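Trainee: Structure provided below as structure tokens; questions to follow.
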2 protein chains.
Amino acid sequence: MATLTNRRITLAARPEGLPEPRHFGLDTQPVPEPAEGQVLLQTLYLSIDPYMRNLMDPIGPGYASPVEIGAPMVGGTVSRVVASRNAQFRTGDLVLANAGWQDYALSDGSDLLALGDAAQPSQSLGGLGMPGFTAYVGLLDIGQPKPGETVVVAAATGAVGAIVGQIAKLKGARVVGIASGADKCRHAVEELGFDACLDRRAPDLAARLAAACPQGIDVYFENVGGEVFDTVLPLLNLHARVPVCGFIAHYNDSAPAPGPDRLPRLTATLLQKRVRMQGFIILDHYGERFDTFRREMAGWIAQGQVRLREDMVDGLENAPQALRRVLQGQNFGKTVVRVAE
Amino acid sequence: MATLTNRRITLAARPEGLPEPRHFGLDTQPVPEPAEGQVLLQTLYLSIDPYMRNLMDPIGPGYASPVEIGAPMVGGTVSRVVASRNAQFRTGDLVLANAGWQDYALSDGSDLLALGDAAQPSQSLGGLGMPGFTAYVGLLDIGQPKPGETVVVAAATGAVGAIVGQIAKLKGARVVGIASGADKCRHAVEELGFDACLDRRAPDLAARLAAACPQGIDVYFENVGGEVFDTVLPLLNLHARVPVCGFIAHYNDSAPAPGPDRLPRLTATLLQKRVRMQGFIILDHYGERFDTFRREMAGWIAQGQVRLREDMVDGLENAPQALRRVLQGQNFGKTVVRVAE
């Protein structure tokens, strides 16, 4: 064990705006030895998610501490137990972990979920993991779509959006996606079963969204913010629900956004349409709902009712670039870094 | 009857910004004769409420049609039945009605509520009527304050704010008001029982609000918008609730508000604090809850647990100026125009 080294990708400097390569460091450390009660984990797959950008800011997003300068970036992983001094885990076990952007990490086992002999373990970072759970809780608990209602979701082929749309279809809703480019839009309709998907970059999005939602919008699952939100707002129906899971369009803002001030128009819409807009952080919900979600989602996947697409990147050293691509909406499917076989 | 005339205050022109005298007309018409099934109503008290400004715009607020040019302004009234061809009402009956800004009006009875021999019938335009019901539904159904939580409300001595604060106290919450001027703040604390009330005009509102809410804010009852909302936002606690009943600060906006854009900061707060923000229009709730509200509120008033203050204006001709005062926050209590004895 002493001959192995642990590569870590660290936060080297705090970005303003989109992270650049200089904001990340790469160092190597000796692989740590597990103490009594601990396991040593080797990272197989690292999840890349938009929230990671927020943890690079000096003041964290409130639900998690910022990454310290010089510390490894945090992140969810599928890891293999390579040494165990914890009776609950054996060498060779596959687990869902929070090992971060590095080859090896220690855990006391309390944050691990045993994955058994999962055929495609990286799915536990996507549709069967945090992004899928985010879609499930936000859509079902806050959005509450009813059969025949219209659900709109942006980043429609992304890790969360693709699941939001597919669950909404299972619940009998009409689903309209918004995505970047014709390939993603085709995928959303042909593979994921969306009723329509609009290219965010094509001109006149507002008119096309209105045409695609002839009955208005009952649920808008907010995961992007920005311009898409402005096109959705006038189409919201009476008693519409807007679960807010993110607003990636603004994560890289380094200064207050210029005017006009869009808040009065939002408030007017909330009032006139009796809209409920509610933020949620998925970390709050693991205790009560994660097991139910995993069981139900595994069934949907097994029956082909929910399809998952991965955007696989090889090599830990490519994680920074993968995060940049996610923040710019260039990923096509759930972004996962393959760190080791 | 033919010798009586009906004075009407009409919408003469659509204002941009605050309504001026020239936006209103005053005409006289013959008093109409009730047809079979109708009653003729004489207006005793006319309610003056912020929503009336919205009905002066060419595009209505969504929950009601705009007033047409030349038509009388709409409004809730306490009226007396002066002639009846409807078996449900007799001459002399006092009713809650929607007779608008005029001396006389006809009704088929379907929108009337018999007030019996109410000692202070004008209360049915305030604490016992639409503003009180707005406070009751918004605070209890959406705000859901728990004992020990902190509730903040602006326009704290206004028709809605005063009731919000007093009901919140009855539910065991800490209540902090915001109002314009020392007199109103003193009234909120000494007469209405608020724990604190801050003068909106004094410098450094944000710091004073933070000091008055050492445990943060759990419920913010939004009825003003504007600057007050900005001071509240950073103080919202996890899982805070924001019922939205109005945003009077923006009713007179004649153009999109200048920047900075405050929407990204709101979205970030909703997300990080898991806030629920929900608009409501009180018209939706009469069917299910108004009777319960009237019974419960009448009990609170009778027992001195809720105190009502009226801002009484004499003379129908002074209604336009009364609306201007309400829109500028110059009223002190529920504004009512005494149209006839």
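Each chain of the structure tokens is named A, B, ... in the order shown, its residues numbered from 1; ligands are numbered from 1 in display order.
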Show me, as a PyMOL selection string, the residues of chain A whose atoms get within 6 Å of chain B, using only C-alpha atoms for the distance check.

Mentor: chain A and resi 62+257-263+270-272+274-280

Trainee: So that I can see what lies close to A:Ala322, please list as an mmCIF file with all heavy atoms, in the first residue's frame the residues with an atom at most 8 Å from it, counting only C-alpha atoms and leaving out residues fewer than 6 positions away in the same chain.

Mentor:
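Final output, around_1.cif:
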```
data_model
loop_
_atom_site.group_PDB
_atom_site.id
_atom_site.type_symbol
_atom_site.label_atom_id
_atom_site.label_comp_id
_atom_site.auth_asym_id
_atom_site.auth_seq_id
_atom_site.Cartn_x
_atom_site.Cartn_y
_atom_site.Cartn_z
ATOM 1 N N ILE A 48 -19.870 14.663 -11.700
ATOM 2 C CA ILE A 48 -19.623 16.096 -11.914
ATOM 3 C C ILE A 48 -20.985 16.793 -11.951
ATOM 4 O O ILE A 48 -21.837 16.450 -12.775
ATOM 5 C CB ILE A 48 -18.873 16.340 -13.241
ATOM 6 C CG1 ILE A 48 -17.502 15.642 -13.214
ATOM 7 C CG2 ILE A 48 -18.726 17.842 -13.514
ATOM 8 C CD1 ILE A 48 -16.496 16.249 -12.251
ATOM 9 N N VAL A 313 -16.430 10.740 -19.146
ATOM 10 C CA VAL A 313 -15.135 11.401 -19.370
ATOM 11 C C VAL A 313 -14.077 10.510 -18.734
ATOM 12 O O VAL A 313 -14.249 10.053 -17.601
ATOM 13 C CB VAL A 313 -15.128 12.792 -18.697
ATOM 14 C CG1 VAL A 313 -13.749 13.426 -18.756
ATOM 15 C CG2 VAL A 313 -16.185 13.696 -19.319
ATOM 16 N N THR A 335 -22.920 13.706 -16.500
ATOM 17 C CA THR A 335 -21.464 13.710 -16.620
ATOM 18 C C THR A 335 -20.816 12.940 -15.470
ATOM 19 O O THR A 335 -21.071 13.210 -14.298
ATOM 20 C CB THR A 335 -20.930 15.150 -16.659
ATOM 21 O OG1 THR A 335 -21.526 15.820 -17.775
ATOM 22 C CG2 THR A 335 -19.416 15.159 -16.817
ATOM 23 N N VAL A 337 -16.917 11.088 -14.448
ATOM 24 C CA VAL A 337 -15.513 10.873 -14.773
ATOM 25 C C VAL A 337 -15.137 9.452 -14.359
ATOM 26 O O VAL A 337 -15.339 9.061 -13.195
ATOM 27 C CB VAL A 337 -14.608 11.891 -14.045
ATOM 28 C CG1 VAL A 337 -13.136 11.587 -14.311
ATOM 29 C CG2 VAL A 337 -14.950 13.322 -14.489
#
```

Trainee: Mind checking which residues fall within 9 Å of A:Gln166, counting only C-alpha atoms, ignoring those fewer than 6 positions away in the same chain, and posting them as a count of residues only?

Mentor: 7

Trainee: Please compute the atom CA of B:Asn223-atom CA of B:Leu327 distance, one decimal, in Å.

Mentor: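 Taking atom CA of B:Asn223 and atom CA of B:Leu327, their separation equals 11.9 Å.
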
Trainee: Find the residue from A:Asp218, A:Tyr45, A:Asp311, A:Glu317 that sits nearest to A:Leu26; use only C-alpha atoms when measuring.

Mentor: A:Glu317

Trainee: From the DSSP assignment of the backbone, select every residue of stretch 9-184 of chain A that is strand (DSSP E), and format the answer as a PyMOL selection string.

Mentor: chain A and resi 9-11+24-30+39-47+77-84+94-97+104-107+113-114+150-154+174-179

Trainee: Could you pull out all residues of stretch 79-311 of chain A with a DSSP call of alpha helix (DSSP H) and give them as a PyMOL selection string?

Mentor: chain A and resi 130-137+161-170+182-190+205-212+226-232+263-272+286-302

Trainee: What does the structure give for the distance between atom CA of A:Ala135 and atom CA of A:Met312, in Å to one decimal?

Mentor: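 So the two atoms, atom CA of A:Ala135 and atom CA of A:Met312, lie 20.6 Å apart.
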
Trainee: Tell me, as a ChimeraX atom specification, which residues lie within 8 Å of stretch 104-107 of chain B, counting only C-alpha atoms; anything in the same chain fewer than 5 positions away does not count.

Mentor: /B:6-7,31-34,38-43,99,112

Trainee: Can you pull out every residue within 7 Å of B:Gly127, counting only C-alpha atoms, but drop anything in the same chain fewer than 6 positions away, and send it as a PDB file with all heavy atoms, in the first residue's frame?

Mentor:
```pdb
ATOM      1  N   ALA B 159     -54.719  48.068   6.717  1.00  0.00           N
ATOM      2  CA  ALA B 159     -55.905  47.224   6.864  1.00  0.00           C
ATOM      3  C   ALA B 159     -55.545  45.754   6.982  1.00  0.00           C
ATOM      4  O   ALA B 159     -56.143  45.020   7.769  1.00  0.00           O
ATOM      5  CB  ALA B 159     -56.830  47.447   5.658  1.00  0.00           C
ATOM      6  N   ILE B 163     -53.930  43.220  10.965  1.00  0.00           N
ATOM      7  CA  ILE B 163     -54.593  41.959  11.316  1.00  0.00           C
ATOM      8  C   ILE B 163     -53.597  40.797  11.255  1.00  0.00           C
ATOM      9  O   ILE B 163     -53.618  39.899  12.102  1.00  0.00           O
ATOM     10  CB  ILE B 163     -55.774  41.690  10.353  1.00  0.00           C
ATOM     11  CG1 ILE B 163     -56.714  42.899  10.310  1.00  0.00           C
ATOM     12  CG2 ILE B 163     -56.527  40.437  10.795  1.00  0.00           C
ATOM     13  CD1 ILE B 163     -57.411  43.199  11.587  1.00  0.00           C
ATOM     14  N   LEU B 308     -59.318  47.106  15.916  1.00  0.00           N
ATOM     15  CA  LEU B 308     -59.431  47.667  14.565  1.00  0.00           C
ATOM     16  C   LEU B 308     -59.342  49.192  14.651  1.00  0.00           C
ATOM     17  O   LEU B 308     -59.905  49.798  15.556  1.00  0.00           O
ATOM     18  CB  LEU B 308     -60.766  47.260  13.937  1.00  0.00           C
ATOM     19  CG  LEU B 308     -61.037  45.747  13.876  1.00  0.00           C
ATOM     20  CD1 LEU B 308     -62.374  45.492  13.198  1.00  0.00           C
ATOM     21  CD2 LEU B 308     -59.912  45.022  13.147  1.00  0.00           C
TER      22      LEU B 308
END
```

Trainee: For atom CA of B:Pro21 and atom CA of B:Met56, quote the distance in Å rounded to one decimal.

Mentor: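 Separating atom CA of B:Pro21 from atom CA of B:Met56 is a distance of 13.3 Å.
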
Trainee: Residues within 9 Å of A:Leu113, please, as an mmCIF file with C-alpha atoms, in the first residue's frame. Count only C-alpha atoms; anything in the same chain fewer than 2 positions from it doesn't count.

Mentor:
```cif
data_model
loop_
_atom_site.group_PDB
_atom_site.id
_atom_site.type_symbol
_atom_site.label_atom_id
_atom_site.label_comp_id
_atom_site.auth_asym_id
_atom_site.auth_seq_id
_atom_site.Cartn_x
_atom_site.Cartn_y
_atom_site.Cartn_z
ATOM 1 C CA LEU A 94 -18.765 -1.368 -4.232
ATOM 2 C CA VAL A 95 -20.181 1.688 -2.463
ATOM 3 C CA LEU A 96 -21.722 5.054 -3.196
ATOM 4 C CA ALA A 97 -19.411 7.510 -1.403
ATOM 5 C CA GLY A 109 -18.669 4.045 6.738
ATOM 6 C CA SER A 110 -21.442 6.349 7.933
ATOM 7 C CA ASP A 111 -21.800 8.100 4.571
ATOM 8 C CA LEU A 115 -24.211 -1.054 -4.084
#
```

Trainee: Find the residues near A:Arg8: any atom within 7 Å, counting only C-alpha atoms, skip ones fewer than 5 places away on the same chain, and give them as a list in words.

Mentor: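 Contacts, in chain order: Leu26, Asp27, Thr28, Pro72, Trp101, Gln102 and Asp103 of chain A.
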
Trainee: Choose the residue, out of B:Ala188, B:Ala12, B:Val232, B:Ala118, that has the smallest atom-to-atom separation from B:Leu209; count only C-alpha atoms.

Mentor: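 Of B:Ala188, B:Ala12, B:Val232, B:Ala118, the one nearest B:Leu209 is B:Val232, counting only C-alpha atoms.
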